[in-house]
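**Q** This one is target27.cif, mmCIF, C-alpha atoms.
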data_query
loop_
_atom_site.group_PDB
_atom_site.id
_atom_site.type_symbol
_atom_site.label_atom_id
_atom_site.label_comp_id
_atom_site.auth_asym_id
_atom_site.auth_seq_id
_atom_site.Cartn_x
_atom_site.Cartn_y
_atom_site.Cartn_z
ATOM 1 C CA MET A 1 -88.103 59.044 -84.198
ATOM 2 C CA ALA A 2 -88.090 55.322 -83.635
ATOM 3 C CA GLU A 3 -84.682 54.918 -85.232
ATOM 4 C CA ARG A 4 -82.751 57.334 -83.016
ATOM 5 C CA ALA A 5 -80.415 55.848 -80.447
ATOM 6 C CA ARG A 6 -82.451 55.112 -77.358
ATOM 7 C CA VAL A 7 -80.092 54.089 -74.632
ATOM 8 C CA THR A 8 -82.107 52.674 -71.763
ATOM 9 C CA PRO A 9 -79.602 51.084 -69.422
ATOM 10 C CA LEU A 10 -81.256 48.119 -67.725
ATOM 11 C CA ARG A 11 -77.949 46.941 -66.310
ATOM 12 C CA ARG A 12 -74.548 48.439 -65.883
ATOM 13 C CA GLU A 13 -73.151 49.655 -69.203
ATOM 14 C CA PRO A 14 -69.639 48.651 -70.235
ATOM 15 C CA PRO A 15 -67.085 51.439 -69.853
ATOM 16 C CA PRO A 16 -66.845 53.754 -72.871
ATOM 17 C CA ARG A 17 -64.299 52.513 -75.368
ATOM 18 C CA THR A 18 -63.506 55.875 -76.917
ATOM 19 C CA PRO A 19 -62.498 59.201 -75.428
ATOM 20 C CA SER A 20 -65.624 60.921 -74.118
ATOM 21 C CA ARG A 21 -67.592 62.193 -77.099
ATOM 22 C CA GLU A 22 -69.459 64.748 -74.973
ATOM 23 C CA SER A 23 -66.515 67.104 -75.302
ATOM 24 C CA LEU A 24 -66.501 66.842 -79.093
ATOM 25 C CA PRO A 25 -68.928 68.734 -81.314
ATOM 26 C CA ALA A 26 -71.668 66.507 -82.794
ATOM 27 C CA GLU A 27 -70.826 64.901 -86.126
ATOM 28 C CA PRO A 28 -72.959 65.669 -89.151
ATOM 29 C CA LEU A 29 -75.135 62.890 -90.552
ATOM 30 C CA TRP A 30 -74.016 60.635 -93.410
ATOM 31 C CA ARG A 31 -76.662 61.981 -95.827
ATOM 32 C CA GLU A 32 -75.620 65.579 -95.051
ATOM 33 C CA VAL A 33 -71.935 65.091 -95.842
ATOM 34 C CA LEU A 34 -72.777 62.887 -98.816
ATOM 35 C CA GLY A 35 -75.181 65.528 -100.191
ATOM 36 C CA GLU A 36 -72.616 68.297 -99.859
ATOM 37 C CA ARG A 37 -70.001 66.212 -101.630
ATOM 38 C CA LEU A 38 -72.391 65.319 -104.475
ATOM 39 C CA ARG A 39 -73.195 68.994 -104.900
ATOM 40 C CA ALA A 40 -69.487 69.921 -104.904
ATOM 41 C CA LEU A 41 -68.764 67.301 -107.591
ATOM 42 C CA ARG A 42 -71.643 68.533 -109.758
ATOM 43 C CA LEU A 43 -70.577 72.176 -109.476
ATOM 44 C CA GLN A 44 -66.965 71.227 -110.156
ATOM 45 C CA GLN A 45 -68.174 69.820 -113.466
ATOM 46 C CA GLN A 46 -70.268 72.927 -114.076
ATOM 47 C CA GLU A 47 -73.441 70.956 -114.435
ATOM 48 C CA THR A 48 -77.026 71.901 -113.628
ATOM 49 C CA LEU A 49 -79.223 69.779 -111.378
ATOM 50 C CA GLY A 50 -81.115 68.742 -114.510
ATOM 51 C CA GLN A 51 -78.032 67.497 -116.339
ATOM 52 C CA THR A 52 -76.704 65.328 -113.522
ATOM 53 C CA ALA A 53 -80.163 64.161 -112.437
ATOM 54 C CA GLY A 54 -81.005 63.212 -116.018
ATOM 55 C CA ARG A 55 -78.038 60.877 -116.299
ATOM 56 C CA ALA A 56 -78.779 59.345 -112.880
ATOM 57 C CA GLY A 57 -82.430 58.823 -113.793
ATOM 58 C CA VAL A 58 -83.967 61.032 -111.090
ATOM 59 C CA SER A 59 -85.803 64.341 -111.047
ATOM 60 C CA PRO A 60 -83.831 67.558 -110.472
ATOM 61 C CA GLN A 61 -86.041 68.225 -107.440
ATOM 62 C CA TYR A 62 -85.097 64.905 -105.898
ATOM 63 C CA LEU A 63 -81.393 65.453 -106.536
ATOM 64 C CA SER A 64 -81.681 68.891 -104.960
ATOM 65 C CA GLU A 65 -83.168 67.360 -101.819
ATOM 66 C CA ILE A 66 -80.387 64.777 -101.683
ATOM 67 C CA GLU A 67 -77.741 67.488 -102.083
ATOM 68 C CA ARG A 68 -79.270 69.404 -99.165
ATOM 69 C CA GLY A 69 -79.308 66.297 -96.960
ATOM 70 C CA ARG A 70 -83.115 66.261 -96.817
ATOM 71 C CA LYS A 71 -83.608 62.853 -98.418
ATOM 72 C CA GLU A 72 -81.890 59.599 -97.596
ATOM 73 C CA PRO A 73 -80.680 58.171 -100.925
ATOM 74 C CA SER A 74 -80.770 54.393 -101.320
ATOM 75 C CA SER A 75 -77.554 52.522 -102.049
ATOM 76 C CA GLU A 76 -78.692 52.068 -105.661
ATOM 77 C CA MET A 77 -79.206 55.821 -105.949
ATOM 78 C CA ILE A 78 -75.781 56.564 -104.455
ATOM 79 C CA ALA A 79 -74.207 54.266 -107.060
ATOM 80 C CA ALA A 80 -76.187 55.899 -109.880
ATOM 81 C CA LEU A 81 -75.205 59.403 -108.757
ATOM 82 C CA ALA A 82 -71.549 58.432 -108.399
ATOM 83 C CA GLY A 83 -71.638 57.055 -111.946
ATOM 84 C CA ALA A 84 -73.438 60.131 -113.286
ATOM 85 C CA LEU A 85 -70.710 62.291 -111.759
ATOM 86 C CA GLY A 86 -67.906 60.252 -113.306
ATOM 87 C CA THR A 87 -66.791 58.547 -110.116
ATOM 88 C CA THR A 88 -67.402 55.271 -108.255
ATOM 89 C CA LEU A 89 -68.800 54.357 -104.867
ATOM 90 C CA THR A 90 -65.211 53.812 -103.724
ATOM 91 C CA GLY A 91 -64.100 57.258 -104.888
ATOM 92 C CA LEU A 92 -67.179 58.942 -103.454
ATOM 93 C CA THR A 93 -66.876 57.213 -100.073
ATOM 94 C CA GLU A 94 -63.214 58.160 -99.838
ATOM 95 C CA GLN A 95 -64.098 61.778 -100.534
ATOM 96 C CA VAL A 96 -66.879 61.772 -97.934
ATOM 97 C CA ALA A 97 -64.480 60.236 -95.397
ATOM 98 C CA GLY A 98 -62.011 63.031 -96.150
ATOM 99 C CA ASP A 99 -64.723 65.677 -95.768
ATOM 100 C CA LEU A 100 -65.760 64.231 -92.414
ATOM 101 C CA ARG A 101 -62.172 64.130 -91.215
ATOM 102 C CA ARG A 102 -61.594 67.751 -92.224
ATOM 103 C CA GLN A 103 -64.855 68.899 -90.638
ATOM 104 C CA GLN A 104 -63.959 67.062 -87.456
ATOM 105 C CA GLY A 105 -60.540 68.655 -87.397
ATOM 106 C CA ALA A 106 -61.985 72.132 -87.970
ATOM 107 C CA ALA A 107 -64.673 71.639 -85.322
ATOM 108 C CA THR A 108 -62.172 70.314 -82.795
ATOM 109 C CA SER A 109 -59.808 73.210 -83.281
ATOM 110 C CA ARG A 110 -62.748 75.626 -82.946
ATOM 111 C CA ALA A 111 -63.839 73.910 -79.741
ATOM 112 C CA HIS A 112 -60.404 73.564 -78.196
ATOM 113 C CA GLY A 113 -58.542 76.230 -80.142
ATOM 114 C CA PRO A 114 -56.174 77.810 -77.630
ATOM 115 C CA VAL A 115 -55.767 74.582 -75.642
ATOM 116 C CA ALA A 116 -54.924 72.601 -78.772
ATOM 117 C CA LEU A 117 -52.453 75.259 -79.820
ATOM 118 C CA ALA A 118 -50.916 75.279 -76.370
ATOM 119 C CA LEU A 119 -50.613 71.501 -76.357
ATOM 120 C CA ALA A 120 -49.134 71.545 -79.839
ATOM 121 C CA ALA A 121 -46.551 74.162 -78.848
ATOM 122 C CA MET B 1 -87.390 49.855 -108.748
ATOM 123 C CA ALA B 2 -88.018 53.506 -109.417
ATOM 124 C CA GLU B 3 -84.689 54.507 -107.876
ATOM 125 C CA ARG B 4 -82.419 52.451 -110.108
ATOM 126 C CA ALA B 5 -80.321 54.328 -112.637
ATOM 127 C CA ARG B 6 -82.418 54.638 -115.761
ATOM 128 C CA VAL B 7 -80.273 56.133 -118.471
ATOM 129 C CA THR B 8 -82.488 57.078 -121.400
ATOM 130 C CA PRO B 9 -80.294 59.109 -123.725
ATOM 131 C CA LEU B 10 -82.475 61.722 -125.433
ATOM 132 C CA ARG B 11 -79.458 63.473 -126.865
ATOM 133 C CA ARG B 12 -75.820 62.632 -127.312
ATOM 134 C CA GLU B 13 -74.166 61.754 -124.018
ATOM 135 C CA PRO B 14 -70.969 63.521 -123.005
ATOM 136 C CA PRO B 15 -67.867 61.338 -123.346
ATOM 137 C CA PRO B 16 -67.135 59.171 -120.303
ATOM 138 C CA ARG B 17 -64.924 60.947 -117.819
ATOM 139 C CA THR B 18 -63.456 57.854 -116.218
ATOM 140 C CA PRO B 19 -61.707 54.841 -117.681
ATOM 141 C CA SER B 20 -64.366 52.489 -119.040
ATOM 142 C CA ARG B 21 -66.100 50.773 -116.139
ATOM 143 C CA GLU B 22 -67.370 47.935 -118.312
ATOM 144 C CA SER B 23 -64.005 46.217 -117.920
ATOM 145 C CA LEU B 24 -64.132 46.454 -114.124
ATOM 146 C CA PRO B 25 -66.190 44.111 -111.960
ATOM 147 C CA ALA B 26 -69.324 45.749 -110.508
ATOM 148 C CA GLU B 27 -68.864 47.501 -107.167
ATOM 149 C CA PRO B 28 -70.822 46.292 -104.176
ATOM 150 C CA LEU B 29 -73.552 48.562 -102.787
ATOM 151 C CA TRP B 30 -72.969 51.000 -99.925
ATOM 152 C CA ARG B 31 -75.293 49.120 -97.541
ATOM 153 C CA GLU B 32 -73.524 45.825 -98.302
ATOM 154 C CA VAL B 33 -70.027 47.067 -97.467
ATOM 155 C CA LEU B 34 -71.352 49.042 -94.505
ATOM 156 C CA GLY B 35 -73.164 45.960 -93.168
ATOM 157 C CA GLU B 36 -70.082 43.781 -93.457
ATOM 158 C CA ARG B 37 -67.977 46.383 -91.657
ATOM 159 C CA LEU B 38 -70.522 46.733 -88.844
ATOM 160 C CA ARG B 39 -70.537 42.976 -88.423
ATOM 161 C CA ALA B 40 -66.724 42.850 -88.374
ATOM 162 C CA LEU B 41 -66.601 45.562 -85.687
ATOM 163 C CA ARG B 42 -69.168 43.739 -83.551
ATOM 164 C CA LEU B 43 -67.370 40.411 -83.820
ATOM 165 C CA GLN B 44 -64.045 42.080 -83.096
ATOM 166 C CA GLN B 45 -65.576 43.215 -79.811
ATOM 167 C CA GLN B 46 -66.955 39.723 -79.218
ATOM 168 C CA GLU B 47 -70.476 40.985 -78.875
ATOM 169 C CA THR B 48 -73.774 39.320 -79.728
ATOM 170 C CA LEU B 49 -76.336 40.945 -82.010
ATOM 171 C CA GLY B 50 -78.443 41.565 -78.904
ATOM 172 C CA GLN B 51 -75.703 43.416 -77.027
ATOM 173 C CA THR B 52 -74.829 45.824 -79.845
ATOM 174 C CA ALA B 53 -78.441 46.246 -80.963
ATOM 175 C CA GLY B 54 -79.505 46.995 -77.389
ATOM 176 C CA ARG B 55 -77.102 49.894 -77.082
ATOM 177 C CA ALA B 56 -78.115 51.238 -80.515
ATOM 178 C CA GLY B 57 -81.803 50.995 -79.654
ATOM 179 C CA VAL B 58 -82.813 48.504 -82.354
ATOM 180 C CA SER B 59 -83.911 44.888 -82.408
ATOM 181 C CA PRO B 60 -81.299 42.172 -82.958
ATOM 182 C CA GLN B 61 -83.288 41.067 -86.027
ATOM 183 C CA TYR B 62 -83.047 44.511 -87.564
ATOM 184 C CA LEU B 63 -79.307 44.736 -86.870
ATOM 185 C CA SER B 64 -78.868 41.310 -88.447
ATOM 186 C CA GLU B 65 -80.606 42.507 -91.613
ATOM 187 C CA ILE B 66 -78.419 45.615 -91.730
ATOM 188 C CA GLU B 67 -75.286 43.503 -91.279
ATOM 189 C CA ARG B 68 -76.333 41.315 -94.205
ATOM 190 C CA GLY B 69 -77.003 44.344 -96.415
ATOM 191 C CA ARG B 70 -80.716 43.592 -96.619
ATOM 192 C CA LYS B 71 -81.940 46.821 -95.016
ATOM 193 C CA GLU B 72 -80.920 50.361 -95.825
ATOM 194 C CA PRO B 73 -80.078 52.000 -92.495
ATOM 195 C CA SER B 74 -80.952 55.686 -92.100
ATOM 196 C CA SER B 75 -78.197 58.172 -91.330
ATOM 197 C CA GLU B 76 -79.452 58.387 -87.737
ATOM 198 C CA MET B 77 -79.191 54.613 -87.464
ATOM 199 C CA ILE B 78 -75.657 54.598 -88.904
ATOM 200 C CA ALA B 79 -74.629 57.167 -86.274
ATOM 201 C CA ALA B 80 -76.262 55.157 -83.484
ATOM 202 C CA LEU B 81 -74.565 51.940 -84.591
ATOM 203 C CA ALA B 82 -71.191 53.649 -84.910
ATOM 204 C CA GLY B 83 -71.591 54.972 -81.368
ATOM 205 C CA ALA B 84 -72.725 51.589 -80.054
ATOM 206 C CA LEU B 85 -69.580 50.041 -81.534
ATOM 207 C CA GLY B 86 -67.292 52.628 -79.960
ATOM 208 C CA THR B 87 -66.517 54.528 -83.136
ATOM 209 C CA THR B 88 -67.771 57.588 -85.002
ATOM 210 C CA LEU B 89 -69.297 58.204 -88.425
ATOM 211 C CA THR B 90 -65.889 59.485 -89.527
ATOM 212 C CA GLY B 91 -64.090 56.359 -88.346
ATOM 213 C CA LEU B 92 -66.729 54.066 -89.807
ATOM 214 C CA THR B 93 -66.769 55.821 -93.197
ATOM 215 C CA GLU B 94 -62.987 55.652 -93.389
ATOM 216 C CA GLN B 95 -63.101 51.927 -92.698
ATOM 217 C CA VAL B 96 -65.803 51.351 -95.333
ATOM 218 C CA ALA B 97 -63.757 53.362 -97.846
ATOM 219 C CA GLY B 98 -60.754 51.154 -97.066
ATOM 220 C CA ASP B 99 -62.850 47.996 -97.457
ATOM 221 C CA LEU B 100 -64.140 49.202 -100.831
ATOM 222 C CA ARG B 101 -60.639 50.044 -101.997
ATOM 223 C CA ARG B 102 -59.332 46.619 -100.966
ATOM 224 C CA GLN B 103 -62.268 44.816 -102.601
ATOM 225 C CA GLN B 104 -61.731 46.799 -105.770
ATOM 226 C CA GLY B 105 -58.044 45.942 -105.779
ATOM 227 C CA ALA B 106 -58.760 42.271 -105.206
ATOM 228 C CA ALA B 107 -61.457 42.192 -107.904
ATOM 229 C CA THR B 108 -59.231 43.984 -110.386
ATOM 230 C CA SER B 109 -56.336 41.619 -109.830
ATOM 231 C CA ARG B 110 -58.720 38.651 -110.193
ATOM 232 C CA ALA B 111 -60.047 40.102 -113.446
ATOM 233 C CA HIS B 112 -56.682 41.109 -114.861
ATOM 234 C CA GLY B 113 -54.471 38.784 -112.843
ATOM 235 C CA PRO B 114 -51.698 37.721 -115.216
ATOM 236 C CA VAL B 115 -51.677 41.054 -117.041
ATOM 237 C CA ALA B 116 -51.448 42.998 -113.787
ATOM 238 C CA LEU B 117 -48.655 40.728 -112.603
ATOM 239 C CA ALA B 118 -46.843 41.091 -115.908
ATOM 240 C CA LEU B 119 -47.177 44.865 -115.759
ATOM 241 C CA ALA B 120 -45.994 44.917 -112.175
ATOM 242 C CA ALA B 121 -42.943 42.798 -112.985
#
Produce structure tokens that represent the structure in this file.
**A**
Amino acid sequence: MAERARVTPLRREPPPRTPSRESLPAEPLWREVLGERLRALRLQQQETLGQTAGRAGVSPQYLSEIERGRKEPSSEMIAALAGALGTTLTGLTEQVAGDLRRQQGAATSRAHGPVALALAA
Amino acid sequence: MAERARVTPLRREPPPRTPSRESLPAEPLWREVLGERLRALRLQQQETLGQTAGRAGVSPQYLSEIERGRKEPSSEMIAALAGALGTTLTGLTEQVAGDLRRQQGAATSRAHGPVALALAA
């Protein structure tokens, strides 16, 4: 894919500014975490795909693809879905940030479990 | 645009689940706040568009459009840009959430200034 990071060092790269990410498990993609959170909000409100999609002005099939992280929703669509689910872009982004932080924490403790526990002790 | 929210009530809508948003100023779009944050991170590191774009594998022109909220970056691109700026999707999303929250606070106090001050007193 043309959009993936393509690091072709033509000259010396600056030193990494964060702790080596090689040791950390890969992060999920934005659309994946966003989709999961949208699905969680919809289920929390006990709504069908059709109900939420109807208020956001999209097809249930399209919403389903967004929820599964298969489609990249536009910023306008994200705003419409937030509104349809009774929240705002601010609220939604905060929730996604929290989900990412929790997933990162869980993945890190899986990857470094006994070491992390030993260090914490 | 086909993706804009198109609310065509065919039956009675459920009551709003959040305080009326009509009284609040409109939120910015995800790509706008994201673009501004990416630009702030790049400038903080005193980098040119070309330097950051080079590490992320995109053209400086494309990065400039993303920074100005004109292009909708894919999730892969967001991850690449976060990495090129020495952060992660988690860190970036948390910063965007904070920016949105601050903008909302500022907009609300502009809209309700004297009332908010009176209530806070």
**Q** Carefully work through the PyMOL selection byres ((chain B and resi 88-102) around 6) for this structure and note down the residues it includes, as an MDAnalysis selection string.
**A** (chainID A and resid 90 93:94 97 100) or (chainID B and resid 79 82:83 87 103:105)
**Q** Using the chain letters and numbering of this document, enumerate as a list in words the residues selected by the PyMOL selection byres ((chain A and resi 42) around 12).
**A** Gly35, Glu36, Arg37, Leu38, Arg39, Ala40, Leu41, Leu43, Gln44, Gln45, Gln46, Glu47, Thr48, Leu49, Gly50, Gln51, Thr52, Ala53, Arg55, Leu63, Ser64, Glu67, Leu81, Ala82, Gly83, Ala84, Leu85, Gly86 and Thr87 of chain A
**Q** What does the distance from CA of Ala26 in chain B to CA of Pro73 in chain A come to in Å, to one decimal?
**A**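 If I compute the distance from CA of Ala26 in chain B to CA of Pro73 in chain A, I get 19.4 Å.
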**Q** To one decimal place, how far is CA of Glu27 in chain B from CA of Ala107 in chain B in Å?
**A**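 Result for CA of Glu27 in chain B versus CA of Ala107 in chain B: 9.1 Å, one decimal.
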**Q** From the set B:Lys71, B:Ala106, B:Leu29, B:Tyr62, which residue has the shortest atom-to-atom contact distance to chain A, counting all atoms listed in the file?
**A**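 Once distances to chain A are computed over all atoms listed in the file, the minimum belongs to B:Leu29.
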**Q** Work out how far CA of Ile78 in chain B is from CA of Trp30 in chain A, in Å to one decimal.
**A** 7.7 Å
**Q** Looking at all atoms listed in the file, which of A:Arg68, A:Thr108, A:Arg31, A:Gln61 is the one that sits closest to chain B?
**A**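 Among A:Arg68, A:Thr108, A:Arg31, A:Gln61, it is A:Arg31 that comes nearest to chain B.
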**Q** Kindly output range 41-60 of chain B as a tab-separated table (two decimals), in the coordinates of the input, after building N, CA, C and O atoms.
**A**
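Final output, saved to part.tsv:
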chain	number	residue	atom	x	y	z
B	41	LEU	N	-66.87	44.80	-86.91
B	41	LEU	CA	-66.60	45.56	-85.69
B	41	LEU	C	-67.25	44.88	-84.47
B	41	LEU	O	-66.65	44.80	-83.40
B	42	ARG	N	-68.47	44.39	-84.67
B	42	ARG	CA	-69.17	43.74	-83.55
B	42	ARG	C	-68.45	42.46	-83.14
B	42	ARG	O	-68.23	42.21	-81.94
B	43	LEU	N	-68.04	41.68	-84.13
B	43	LEU	CA	-67.37	40.41	-83.82
B	43	LEU	C	-66.00	40.65	-83.19
B	43	LEU	O	-65.58	39.91	-82.30
B	44	GLN	N	-65.35	41.71	-83.66
B	44	GLN	CA	-64.04	42.08	-83.10
B	44	GLN	C	-64.18	42.37	-81.60
B	44	GLN	O	-63.27	42.12	-80.83
B	45	GLN	N	-65.34	42.90	-81.22
B	45	GLN	CA	-65.58	43.22	-79.81
B	45	GLN	C	-66.26	42.06	-79.09
B	45	GLN	O	-66.70	42.22	-77.95
B	46	GLN	N	-66.36	40.94	-79.77
B	46	GLN	CA	-66.96	39.72	-79.22
B	46	GLN	C	-68.32	39.98	-78.61
B	46	GLN	O	-68.61	39.54	-77.50
B	47	GLU	N	-69.13	40.70	-79.35
B	47	GLU	CA	-70.48	40.98	-78.88
B	47	GLU	C	-71.51	40.20	-79.67
B	47	GLU	O	-71.31	39.90	-80.86
B	48	THR	N	-72.65	39.94	-79.02
B	48	THR	CA	-73.77	39.32	-79.73
B	48	THR	C	-74.57	40.42	-80.42
B	48	THR	O	-74.43	41.61	-80.10
B	49	LEU	N	-75.43	39.99	-81.37
B	49	LEU	CA	-76.34	40.94	-82.01
B	49	LEU	C	-77.14	41.69	-80.95
B	49	LEU	O	-77.32	42.91	-81.03
B	50	GLY	N	-77.60	40.96	-79.94
B	50	GLY	CA	-78.44	41.56	-78.90
B	50	GLY	C	-77.72	42.64	-78.12
B	50	GLY	O	-78.31	43.68	-77.79
B	51	GLN	N	-76.44	42.42	-77.82
B	51	GLN	CA	-75.70	43.42	-77.03
B	51	GLN	C	-75.54	44.72	-77.80
B	51	GLN	O	-75.85	45.80	-77.30
B	52	THR	N	-75.05	44.62	-79.04
B	52	THR	CA	-74.83	45.82	-79.84
B	52	THR	C	-76.17	46.50	-80.17
B	52	THR	O	-76.31	47.72	-80.04
B	53	ALA	N	-77.13	45.69	-80.60
B	53	ALA	CA	-78.44	46.25	-80.96
B	53	ALA	C	-79.08	46.96	-79.77
B	53	ALA	O	-79.68	48.03	-79.94
B	54	GLY	N	-78.92	46.38	-78.58
B	54	GLY	CA	-79.50	47.00	-77.39
B	54	GLY	C	-78.98	48.39	-77.15
B	54	GLY	O	-79.74	49.32	-76.87
B	55	ARG	N	-77.67	48.55	-77.30
B	55	ARG	CA	-77.10	49.89	-77.08
B	55	ARG	C	-77.51	50.87	-78.18
B	55	ARG	O	-77.60	52.07	-77.96
B	56	ALA	N	-77.73	50.36	-79.41
B	56	ALA	CA	-78.11	51.24	-80.52
B	56	ALA	C	-79.62	51.49	-80.54
B	56	ALA	O	-80.09	52.34	-81.31
B	57	GLY	N	-80.36	50.77	-79.71
B	57	GLY	CA	-81.80	51.00	-79.65
B	57	GLY	C	-82.58	50.35	-80.79
B	57	GLY	O	-83.61	50.88	-81.22
B	58	VAL	N	-82.08	49.23	-81.31
B	58	VAL	CA	-82.81	48.50	-82.35
B	58	VAL	C	-82.94	47.04	-81.95
B	58	VAL	O	-82.29	46.59	-81.02
B	59	SER	N	-83.76	46.31	-82.69
B	59	SER	CA	-83.91	44.89	-82.41
B	59	SER	C	-82.74	44.13	-83.01
B	59	SER	O	-82.16	44.55	-84.01
B	60	PRO	N	-82.37	42.99	-82.39
B	60	PRO	CA	-81.30	42.17	-82.96
B	60	PRO	C	-81.62	41.74	-84.39
B	60	PRO	O	-80.71	41.64	-85.22
